[in-house]
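Shown next: target_5.txt, given as compact mmCIF, C-alpha atoms and all ligand atoms.
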```
# COMPACT_ATOMS: atom_id res chain seq x y z
CA MET A 1 81.94 81.59 157.21
CA VAL A 2 85.34 83.10 156.43
CA THR A 3 88.16 80.58 156.53
CA VAL A 4 91.37 82.00 158.03
CA LEU A 5 94.72 80.68 156.79
CA LEU A 6 97.25 80.78 159.63
CA ARG A 7 100.99 80.21 159.46
CA ALA A 8 101.92 77.36 161.82
CA ASP A 9 104.19 79.44 164.05
CA ALA A 10 103.71 79.70 167.83
CA GLU A 11 101.09 82.43 167.46
CA GLY A 12 99.18 80.56 164.72
CA ILE A 13 99.14 77.37 166.78
CA ARG A 14 97.88 79.30 169.83
CA ARG A 15 95.06 80.86 167.82
CA ALA A 16 94.11 77.54 166.20
CA ALA A 17 94.06 75.84 169.61
CA ALA A 18 91.72 78.51 170.97
CA VAL A 19 89.33 77.97 168.03
CA LEU A 20 89.36 74.21 168.70
CA ARG A 21 88.72 74.62 172.42
CA ASP A 22 85.70 76.79 171.51
CA GLY A 23 84.27 73.95 169.40
CA GLY A 24 85.47 75.25 166.00
CA LEU A 25 86.97 73.40 163.02
CA VAL A 26 90.68 73.59 162.23
CA ALA A 27 92.38 71.86 159.32
CA PHE A 28 95.91 70.98 160.38
CA PRO A 29 98.90 69.22 158.83
CA THR A 30 99.92 65.70 159.76
CA GLU A 31 102.72 63.63 158.24
CA THR A 32 100.16 61.74 156.12
CA VAL A 33 97.51 64.20 154.86
CA TYR A 34 95.81 67.30 156.29
CA GLY A 35 93.17 66.48 158.90
CA LEU A 36 89.96 68.34 159.66
CA GLY A 37 90.04 68.60 163.43
CA ALA A 38 87.53 69.26 166.19
CA ARG A 39 87.66 68.47 169.89
CA ALA A 40 86.72 64.80 170.16
CA ASP A 41 84.75 65.22 173.38
CA ASP A 42 82.26 67.69 171.87
CA GLU A 43 79.30 66.13 170.04
CA GLY A 44 78.37 69.39 168.29
CA ALA A 45 81.92 70.14 167.15
CA VAL A 46 82.33 66.63 165.71
CA ARG A 47 78.99 66.88 163.91
CA ARG A 48 80.28 70.07 162.31
CA ILE A 49 83.14 68.04 160.76
CA TYR A 50 80.62 65.69 159.16
CA ALA A 51 78.53 68.57 157.85
CA ALA A 52 81.57 70.35 156.34
CA LYS A 53 82.82 67.16 154.65
CA GLY A 54 79.42 65.91 153.56
CA ARG A 55 80.46 62.66 155.28
CA PRO A 56 77.91 60.05 156.30
CA ALA A 57 77.49 59.91 160.08
CA THR A 58 78.00 56.12 159.83
CA ASN A 59 81.70 56.51 158.95
CA PRO A 60 83.74 56.96 162.17
CA SER A 61 86.70 59.35 162.47
CA ILE A 62 90.27 58.90 163.69
CA VAL A 63 91.16 60.43 167.06
CA HIS A 64 94.55 62.17 167.24
CA VAL A 65 96.44 62.37 170.51
CA ALA A 66 99.89 63.62 171.58
CA SER A 67 101.15 60.51 173.39
CA VAL A 68 100.58 56.84 174.21
CA GLU A 69 99.34 57.93 177.66
CA ASP A 70 96.69 60.14 176.03
CA ALA A 71 95.71 57.24 173.75
CA GLU A 72 95.23 55.02 176.81
CA ARG A 73 92.66 57.48 178.11
CA VAL A 74 90.63 57.18 174.89
CA GLY A 75 90.80 53.42 174.29
CA ALA A 76 92.00 50.32 176.11
CA MET A 77 95.37 49.15 174.80
CA GLY A 78 96.13 45.44 174.93
CA ALA A 79 99.60 43.91 174.68
CA ALA A 80 99.72 43.98 170.87
CA ALA A 81 98.52 47.59 170.74
CA ARG A 82 101.27 48.61 173.17
CA VAL A 83 103.96 46.86 171.15
CA LEU A 84 102.83 48.57 167.94
CA ALA A 85 102.46 51.97 169.61
CA ALA A 86 105.97 51.70 171.07
CA ALA A 87 107.35 50.74 167.66
CA PHE A 88 105.54 53.25 165.45
CA TRP A 89 104.15 56.24 167.39
CA PRO A 90 104.43 59.02 166.60
CA GLY A 91 103.79 57.75 163.08
CA PRO A 92 101.35 56.78 160.33
CA LEU A 93 99.72 53.88 162.17
CA THR A 94 96.12 54.00 163.42
CA LEU A 95 95.06 51.44 166.04
CA VAL A 96 91.47 50.36 166.61
CA LEU A 97 90.90 50.10 170.37
CA ASP A 98 88.00 49.34 172.69
CA ARG A 99 86.55 52.73 173.45
CA ARG A 100 86.57 53.99 177.05
CA PRO A 101 83.11 55.20 178.07
CA GLY A 102 82.80 58.99 178.02
CA ALA A 103 86.23 59.70 176.50
CA VAL A 104 84.98 60.84 173.09
CA ALA A 105 81.62 61.92 171.69
CA ASP A 106 79.41 59.24 170.11
CA ALA A 107 79.62 61.03 166.76
CA VAL A 108 83.37 60.21 166.59
CA THR A 109 82.83 56.44 166.62
CA ALA A 110 79.50 56.47 164.78
CA GLY A 111 78.08 55.09 168.01
CA GLY A 112 80.37 52.04 167.90
CA SER A 113 82.23 50.46 170.81
CA THR A 114 85.66 50.87 169.20
CA VAL A 115 87.72 53.98 168.55
CA ALA A 116 90.55 54.50 166.03
CA VAL A 117 93.52 56.38 167.52
CA ARG A 118 96.91 57.63 166.37
CA VAL A 119 99.80 59.90 167.39
CA PRO A 120 100.83 61.86 164.28
CA ASP A 121 104.52 62.33 163.49
CA ASP A 122 104.37 66.02 162.64
CA ALA A 123 105.78 68.84 164.76
CA VAL A 124 102.85 71.18 164.05
CA ALA A 125 100.21 68.52 164.78
CA LEU A 126 101.92 67.56 168.04
CA ALA A 127 102.34 71.20 169.12
CA LEU A 128 98.66 71.81 168.37
CA LEU A 129 97.53 68.71 170.29
CA ARG A 130 99.64 69.74 173.31
CA GLU A 131 98.35 73.31 173.18
CA VAL A 132 94.70 72.18 172.98
CA GLY A 133 95.26 69.54 175.66
CA LEU A 134 92.41 67.39 174.32
CA PRO A 135 92.10 64.53 171.81
CA LEU A 136 91.11 65.78 168.35
CA ALA A 137 88.80 63.91 166.00
CA ALA A 138 90.14 64.43 162.48
CA PRO A 139 89.26 62.73 159.23
CA SER A 140 91.08 63.89 156.11
CA ALA A 141 90.31 67.54 155.32
CA ASN A 142 88.47 67.06 152.04
CA ARG A 143 84.87 66.81 150.92
CA SER A 144 83.74 63.18 151.29
CA THR A 145 84.98 60.85 148.48
CA HIS A 146 87.34 63.50 147.04
CA VAL A 147 91.12 63.33 146.93
CA SER A 148 92.74 63.84 150.35
CA PRO A 149 94.67 67.11 150.79
CA THR A 150 98.43 67.14 151.17
CA ARG A 151 98.84 70.93 151.01
CA PRO A 152 96.90 73.82 152.57
CA GLU A 153 95.68 75.00 149.16
CA HIS A 154 94.01 71.62 148.58
CA VAL A 155 92.06 72.14 151.82
CA LEU A 156 91.06 75.66 150.85
CA ARG A 157 89.85 74.51 147.41
CA SER A 158 87.73 71.73 148.94
CA LEU A 159 86.56 73.25 152.24
CA GLY A 160 87.16 77.01 151.97
CA GLY A 161 84.25 78.81 153.65
CA LEU A 162 83.28 75.65 155.55
CA VAL A 163 85.99 75.55 158.22
CA ASP A 164 87.24 78.20 160.67
CA VAL A 165 90.98 77.84 160.25
CA VAL A 166 93.51 76.17 157.97
CA LEU A 167 96.87 75.84 159.68
CA ASP A 168 99.59 76.06 157.02
CA GLY A 169 102.37 73.62 157.84
CA GLY A 170 103.54 73.13 154.23
CA PRO A 171 103.26 69.87 152.29
CA ALA A 172 102.46 66.65 154.18
CA ALA A 173 105.61 64.49 154.15
CA ARG A 174 104.12 61.01 153.57
CA GLY A 175 101.30 62.02 151.23
CA ILE A 176 98.85 59.15 151.83
CA GLU A 177 96.79 58.17 154.86
CA SER A 178 97.85 56.09 157.84
CA THR A 179 97.73 52.31 157.93
CA ILE A 180 94.81 51.08 160.08
CA VAL A 181 95.24 47.93 162.18
CA ASP A 182 92.85 46.22 164.57
CA PRO A 183 95.14 44.63 167.19
CA ARG A 184 92.39 43.55 169.58
CA GLY A 185 91.67 39.96 168.58
CA GLU A 186 93.75 36.83 168.69
CA ASP A 187 96.37 36.12 166.07
CA PRO A 188 96.43 37.33 163.29
CA LEU A 189 96.23 41.14 163.49
CA ARG A 190 93.83 42.60 160.97
CA LEU A 191 94.98 45.24 158.51
CA LEU A 192 91.87 47.35 157.83
CA ARG A 193 93.43 49.87 155.48
CA PRO A 194 96.86 49.76 153.81
CA GLY A 195 98.63 53.07 154.27
CA ALA A 196 101.85 54.98 154.73
CA LEU A 197 103.28 52.38 157.12
CA PRO A 198 104.00 49.17 155.15
CA ALA A 199 102.34 45.98 156.40
CA ALA A 200 105.76 44.28 156.32
CA ALA A 201 107.09 46.69 158.97
CA ILE A 202 104.08 45.97 161.16
CA ALA A 203 104.57 42.22 160.78
CA ILE A 204 108.20 42.50 161.90
CA ALA A 205 107.30 44.53 165.00
CA ALA A 206 104.33 42.28 165.87
CA ALA A 207 106.19 38.96 165.52
CA PRO A 208 105.49 36.20 166.44
CA ARG A 209 101.95 37.40 165.75
CA THR A 210 101.14 37.67 162.09
CA VAL A 211 99.31 40.34 160.11
CA VAL A 212 96.63 39.56 157.54
CA ASP A 213 96.38 41.95 154.65
CA PRO A 214 93.19 41.13 152.77
CA GLY A 215 95.07 42.58 149.79
CA HIS A 216 93.27 43.46 146.60
CA ARG A 217 89.73 44.53 147.24
CA LEU A 218 87.38 47.30 146.31
CA ASP A 219 85.34 47.51 149.48
CA ALA A 220 87.44 47.52 152.63
CA PRO A 221 85.85 45.39 155.38
CA TRP A 222 85.31 48.30 157.77
CA GLU A 223 83.35 50.16 155.13
CA VAL A 224 81.15 47.19 154.38
CA ALA A 225 80.58 46.61 158.07
CA ILE A 226 80.03 50.19 159.13
CA ALA A 227 78.58 51.78 156.05
CA PRO A 228 76.66 49.08 154.18
CA GLY A 229 76.20 49.87 150.51
CA SER A 230 78.87 52.57 150.54
CA GLN A 231 80.65 53.15 147.26
CA ALA A 232 84.10 51.73 146.68
CA ARG A 233 84.91 54.99 144.90
CA HIS A 234 87.09 57.02 147.22
CA TYR A 235 89.97 59.45 146.99
CA ALA A 236 88.68 60.37 143.54
CA PRO A 237 89.24 63.59 141.60
CA ALA A 238 86.49 65.01 139.41
CA ALA A 239 88.40 63.75 136.37
CA ALA A 240 88.15 60.15 135.15
CA VAL A 241 91.23 58.20 136.25
CA VAL A 242 92.50 55.22 134.27
CA VAL A 243 95.49 53.08 135.21
CA VAL A 244 97.37 51.37 132.39
CA ASP A 245 100.79 49.86 131.67
CA ARG A 246 103.37 52.32 130.34
CA ALA A 247 103.16 50.76 126.89
CA ALA A 248 99.42 51.56 126.79
CA VAL A 249 99.63 55.18 128.02
CA GLU A 250 99.74 56.65 124.54
CA ALA A 251 96.68 54.73 123.33
CA ALA A 252 94.72 55.65 126.47
CA VAL A 253 95.60 59.33 126.06
CA HIS A 254 94.51 59.27 122.39
CA GLN A 255 91.28 57.49 123.24
CA HIS A 256 90.29 60.21 125.72
CA GLN A 257 91.50 63.04 123.49
CA ALA A 258 89.29 61.63 120.74
CA ARG A 259 86.36 62.31 123.08
CA GLN A 260 87.51 65.96 123.30
CA PHE A 261 88.85 65.48 126.84
CA ARG A 262 91.73 67.48 128.22
CA VAL A 263 94.06 64.67 129.31
CA GLY A 264 96.81 64.55 131.95
CA VAL A 265 99.38 61.83 132.60
CA VAL A 266 101.05 60.61 135.80
CA ALA A 267 104.26 58.70 135.16
CA ALA A 268 106.76 57.05 137.51
CA GLY A 269 110.52 57.49 137.21
CA SER A 270 110.68 59.21 133.82
CA ALA A 271 108.37 61.06 131.45
CA THR A 272 106.48 59.05 128.84
CA GLY A 273 106.69 62.03 126.50
CA VAL A 274 103.18 61.32 125.23
CA PRO A 275 101.70 64.65 124.06
CA CYS A 276 98.99 65.74 126.51
CA ALA A 277 97.87 68.80 128.50
CA LEU A 278 100.19 68.10 131.43
CA GLU A 279 102.42 65.20 132.42
CA ILE A 280 103.57 64.84 136.04
CA VAL A 281 106.50 62.54 136.77
CA LEU A 282 106.63 61.04 140.26
CA ALA A 283 109.44 59.10 141.96
CA ASP A 284 109.90 55.43 141.07
CA ASP A 285 110.13 54.29 144.71
CA ALA A 286 106.91 53.68 146.67
CA THR A 287 107.59 56.19 149.46
CA GLY A 288 108.53 58.99 147.10
CA TYR A 289 105.62 58.22 144.79
CA ALA A 290 103.13 58.18 147.67
CA SER A 291 104.30 61.60 148.83
CA GLY A 292 103.35 63.09 145.45
CA ILE A 293 100.36 61.16 144.06
CA TYR A 294 97.51 63.11 145.70
CA ALA A 295 99.19 66.43 144.89
CA ALA A 296 99.54 65.26 141.27
CA LEU A 297 95.81 64.43 141.07
CA HIS A 298 94.95 67.82 142.61
CA ASP A 299 97.29 69.64 140.19
CA LEU A 300 95.92 67.87 137.11
CA GLU A 301 92.37 68.59 138.20
CA ALA A 302 93.28 72.25 138.80
CA ALA A 303 94.81 72.31 135.29
CA GLY A 304 91.37 71.39 133.92
CA CYS A 305 92.09 67.77 132.99
CA GLN A 306 88.93 65.71 132.50
CA ALA A 307 90.83 62.45 132.19
CA ILE A 308 94.00 61.35 133.97
CA VAL A 309 96.01 58.43 132.63
CA VAL A 310 98.18 56.92 135.38
CA GLU A 311 101.04 54.56 134.58
CA ARG A 312 100.58 51.28 136.49
CA VAL A 313 102.85 50.91 139.53
CA PRO A 314 104.70 47.74 140.61
CA ASP A 315 102.82 44.80 142.09
CA ASP A 316 104.85 44.25 145.28
CA GLY A 317 104.02 44.87 148.94
CA ALA A 318 105.80 48.21 149.24
CA TRP A 319 103.32 49.64 146.72
CA ALA A 320 100.17 48.15 148.28
CA ALA A 321 98.81 51.42 149.71
CA VAL A 322 99.48 53.35 146.49
CA ARG A 323 97.78 50.63 144.43
CA ASP A 324 94.80 50.70 146.81
CA ARG A 325 94.39 54.48 146.37
CA LEU A 326 94.78 54.32 142.58
CA ARG A 327 92.27 51.50 142.38
CA ARG A 328 89.75 53.54 144.37
CA ALA A 329 90.40 56.72 142.40
CA SER A 330 89.78 54.86 139.15
CA VAL A 331 86.38 53.43 140.07
CA PRO A 332 84.09 55.21 137.60
CA ALA A 333 81.82 57.91 139.02
CA PRO A 334 78.19 56.77 139.28
CA THR A 335 76.30 57.91 136.20
CA PRO A 336 73.58 60.38 137.13
O1 LIG B 1 96.39 59.47 157.91
C1 LIG B 1 95.24 59.46 158.32
O2 LIG B 1 94.72 58.46 158.87
C2 LIG B 1 94.43 60.75 158.15
C3 LIG B 1 95.08 61.84 159.02
C4 LIG B 1 94.28 63.10 159.03
O3 LIG B 1 95.28 61.34 160.31
N1 LIG B 1 93.05 60.56 158.47
C5 LIG B 1 92.20 59.84 157.70
O4 LIG B 1 90.88 59.93 158.10
O5 LIG B 1 92.54 59.23 156.72
P1 LIG B 1 89.66 59.42 157.19
O6 LIG B 1 88.43 59.83 157.89
O7 LIG B 1 89.79 59.94 155.83
O8 LIG B 1 89.74 57.88 157.30
C6 LIG B 1 89.50 57.31 158.55
C7 LIG B 1 89.23 55.86 158.36
C8 LIG B 1 87.84 55.67 157.79
O9 LIG B 1 87.89 54.85 156.67
C9 LIG B 1 87.09 54.99 158.92
O10 LIG B 1 86.15 54.08 158.43
C10 LIG B 1 88.20 54.34 159.71
O11 LIG B 1 89.26 55.24 159.63
N2 LIG B 1 87.83 54.19 161.11
C11 LIG B 1 87.60 55.16 162.01
N3 LIG B 1 87.20 54.65 163.20
C12 LIG B 1 87.20 53.31 163.05
C13 LIG B 1 86.89 52.21 163.92
N4 LIG B 1 86.50 52.40 165.17
N5 LIG B 1 87.01 50.97 163.42
C14 LIG B 1 87.40 50.76 162.14
N6 LIG B 1 87.72 51.75 161.27
C15 LIG B 1 87.61 53.01 161.72
MG MG B 2 89.54 60.44 153.96
```

Could you render the structure as structure tokens?
Ligand code: TXA
Ligand code: MG
Amino acid sequence: MVTVLLRADAEGIRRAAAVLRDGGLVAFPTETVYGLGARADDEGAVRRIYAAKGRPATNPSIVHVASVEDAERVGAMGAAARVLAAAFWPGPLTLVLDRRPGAVADAVTAGGSTVAVRVPDDAVALALLREVGLPLAAPSANRSTHVSPTRPEHVLRSLGGLVDVVLDGGPAARGIESTIVDPRGEDPLRLLRPGALPAAAIAIAAAPRTVVDPGHRLDAPWEVAIAPGSQARHYAPAAAVVVVDRAAVEAAVHQHQARQFRVGVVAAGSATGVPCALEIVLADDATGYASGIYAALHDLEAAGCQAIVVERVPDDGAWAAVRDRLRRASVPAPTP
């Protein structure tokens, strides 16, 4: 298959929409990361997503829609879901809803009775959804367990030749995935995945209901429940990732260089100046850092780094999603 890179102008969006309506695969920008989209009502098209990603069929996908009304047609929204949708859509919040029979293919939900839905806050994504006129199933547009793509070139490197179209909408603004909440039960609301929308913002909007963030964990509950035995290692580059305090960066770099590794460094706020193949300095605020961390991991991998030493980030709530992704990226690869 030849993958076509299309500029996300009116013509590109029209062509991408036609490919999607025909059951094809289109990687498109969202405000979080690039998604690998297919029409959600087409079993065969959704299966093609799983084949391209190498994703287990047991891991359900997020359905993207253009409006709250379209979300209502896919899943039943209770009072809490409506409050959160009104507060944060379009935006990086995914809601788990009771699935409406027949609205999406079984492959989208891995056969389950719930469906995860969001309205992305990205002009290209919304224009594409309106042009297609159908909900789109779209997990992140990377091979399973690899680092999510925040730029079209990341998608091409990971899935070139495996998807029909990559729609080039430039870099994704938020840089990490949406926050996933299950608002169906009684108090408290369950945070299933920390993400670009901070849990604190959700708690304010949901008050007086509270939000439980299971916090530090390797295996998120939905993965344990839906994909028993699945690896905690996610979002991981081919290189080994280690997270250490700034004071320990130099020693960690030396240790890996002593093993003849090409070593890269990711710092926050200012350069460490430790001699290495490539040092990338990200912002020292959580939002700015999140927008650059996946791109940094992609760039260091592309620069041939076999080890990446990441300076530890702060321990407060604003950084929860970034810490989660770094923790997952630094789980060692299974030894063959
Ligand atoms: O920001 C995002 O959420 C991006 C963009 C493309 O929208 N998408 C994304 O998709 O991160 P993916 O496939 O990489 O992660 C989707 C997560 C998976 O961990 C999956 O287990 C969970 O959503 N999920 C999907 N359906 C679910 C459901 N019905 N109940 C619980 N979790 C669900
Ligand atoms: Mg993903």

Each residue of chain A lying at most 8 Å from ligand LIG 1 (chain B) should get a row with its shortest atom-to-atom pair and the distance in Å to one decimal, counting all atoms listed in the file; could you produce that, ordered by chain and increasing number, as a tab-separated table?
```
residue	atom	partner	partner_atom	distance
A:Pro29	CA	B:LIG1	C4	7.7
A:Thr30	CA	B:LIG1	C3	6.2
A:Glu31	CA	B:LIG1	O1	7.6
A:Thr32	CA	B:LIG1	O1	4.8
A:Val33	CA	B:LIG1	C3	5.4
A:Tyr34	CA	B:LIG1	C4	5.2
A:Gly35	CA	B:LIG1	C4	3.6
A:Leu36	CA	B:LIG1	C4	6.8
A:Asn59	CA	B:LIG1	O10	5.1
A:Pro60	CA	B:LIG1	C11	4.3
A:Ser61	CA	B:LIG1	C11	4.3
A:Ile62	CA	B:LIG1	C11	4.9
A:Val63	CA	B:LIG1	O3	8.0
A:His64	CA	B:LIG1	O3	7.0
A:Pro92	CA	B:LIG1	O1	6.1
A:Leu93	CA	B:LIG1	O2	7.5
A:Thr94	CA	B:LIG1	O2	6.5
A:Val96	CA	B:LIG1	N5	5.5
A:Leu97	CA	B:LIG1	N4	7.2
A:Val108	CA	B:LIG1	N3	7.6
A:Thr109	CA	B:LIG1	N4	5.6
A:Gly112	CA	B:LIG1	N4	6.7
A:Ser113	CA	B:LIG1	N4	7.3
A:Thr114	CA	B:LIG1	N4	4.4
A:Val115	CA	B:LIG1	N4	3.9
A:Ala116	CA	B:LIG1	N3	4.4
A:Val117	CA	B:LIG1	N3	7.8
A:Arg118	CA	B:LIG1	O3	7.3
A:Pro120	CA	B:LIG1	O3	6.8
A:Ala138	CA	B:LIG1	C4	5.6
A:Pro139	CA	B:LIG1	O6	3.3
A:Ser140	CA	B:LIG1	O7	4.2
A:Ala141	CA	B:LIG1	C4	7.0
A:Ser148	CA	B:LIG1	O7	7.3
A:Ile176	CA	B:LIG1	O1	6.6
A:Glu177	CA	B:LIG1	O1	3.3
A:Ser178	CA	B:LIG1	O1	3.7
A:Thr179	CA	B:LIG1	O2	6.9
A:Ile180	CA	B:LIG1	O11	7.0
A:Asp182	CA	B:LIG1	C14	7.5
A:Leu192	CA	B:LIG1	N6	7.0
A:Arg193	CA	B:LIG1	O9	7.5
A:Gly195	CA	B:LIG1	O1	7.7
A:Ala196	CA	B:LIG1	O1	7.8
A:Trp222	CA	B:LIG1	C14	5.4
A:Glu223	CA	B:LIG1	O10	5.8
A:Ile226	CA	B:LIG1	O10	7.3
```

Query raised in the report: How many Å separate CA of Pro208 in chain A from CA of Gly317 in chain A?
Result: 19.6 Å

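Coordinates place CA of Arg323 in chain A at a distance of 27.5 Å from CA of Ala258 in chain A.
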
Query raised in the report: If I put a ball of radius 10 Å at (102.3, 43.6, 165.5) in the file's coordinates, which residues poke into it when counting only C-alpha atoms, written as a list in words?
Result: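 The answer, in the requested form, is Ala79, Ala80, Ala81, Arg82, Val83, Leu84, Ala85, Ala87, Val181, Asp182, Pro183, Asp187, Pro188, Leu189, Arg190, Ala199, Ala200, Ala201, Ile202, Ala203, Ile204, Ala205, Ala206, Ala207, Pro208, Arg209, Thr210 and Val211 of chain A.
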
Query raised in the report: With only C-alpha atoms and all ligand atoms as the basis for distance, which of A:Gly264, A:Val147, A:Gly269, A:Glu153 is at the shortest distance from ligand MG 2 (chain B)?
Result: A:Val147

Report task. Place a sphere of radius 12 Å on (92.5, 56.2, 177.8) in the file coordinates and name every protein, DNA or RNA residue with an atom inside or on its surface, counting all atoms listed in the file; give the answer as a ChimeraX atom specification. Result -> /A:63,65,67-78,97-104,115,117,134-135

Hey, what's within 6 Å of range 163-171 of chain A if we count all atoms listed in the file and toss same-chain stuff fewer than 3 positions away? As an mmCIF file with C-alpha atoms, keeping the file's coordinate frame, please?
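Writing the result to around-v2.cif gives the following:
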```
data_model
loop_
_atom_site.group_PDB
_atom_site.id
_atom_site.type_symbol
_atom_site.label_atom_id
_atom_site.label_comp_id
_atom_site.auth_asym_id
_atom_site.auth_seq_id
_atom_site.Cartn_x
_atom_site.Cartn_y
_atom_site.Cartn_z
ATOM 1 C CA THR A 3 88.160 80.580 156.530
ATOM 2 C CA VAL A 4 91.370 82.000 158.030
ATOM 3 C CA LEU A 5 94.720 80.680 156.790
ATOM 4 C CA LEU A 6 97.250 80.780 159.630
ATOM 5 C CA ARG A 7 100.990 80.210 159.460
ATOM 6 C CA ALA A 8 101.920 77.360 161.820
ATOM 7 C CA LEU A 25 86.970 73.400 163.020
ATOM 8 C CA VAL A 26 90.680 73.590 162.230
ATOM 9 C CA ALA A 27 92.380 71.860 159.320
ATOM 10 C CA PHE A 28 95.910 70.980 160.380
ATOM 11 C CA PRO A 29 98.900 69.220 158.830
ATOM 12 C CA THR A 150 98.430 67.140 151.170
ATOM 13 C CA ARG A 151 98.840 70.930 151.010
ATOM 14 C CA PRO A 152 96.900 73.820 152.570
#
```

**Report entry** Pick from A:Val331, A:Ala295, A:Ala271, A:His256 nearest to Ile308 in chain A, counting only C-alpha atoms
**Finding:**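 Once distances to Ile308 in chain A are computed over only C-alpha atoms, the minimum belongs to A:His256.
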
Report task. Quick one: pull the distance between CA of Gly292 in chain A and CA of Val2 in chain A, Å, one decimal. Result -> 29.1 Å

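Restricting the calculation to only C-alpha atoms, the smallest distance between Ser330 in chain A and any of A:Ala238, A:Val253, A:Ala268, A:Ala290 is found for A:Ala238.
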
Starting from 3 Å padding per side, set up an axis-aligned box that covers all listed atoms of range 135-148 of chain A and hand over centre and edge lengths in Å, one decimal, as JSON.
```
{"center_x": 88.2, "center_y": 64.2, "center_z": 159.4, "size_x": 15.0, "size_y": 12.7, "size_z": 30.9}
```
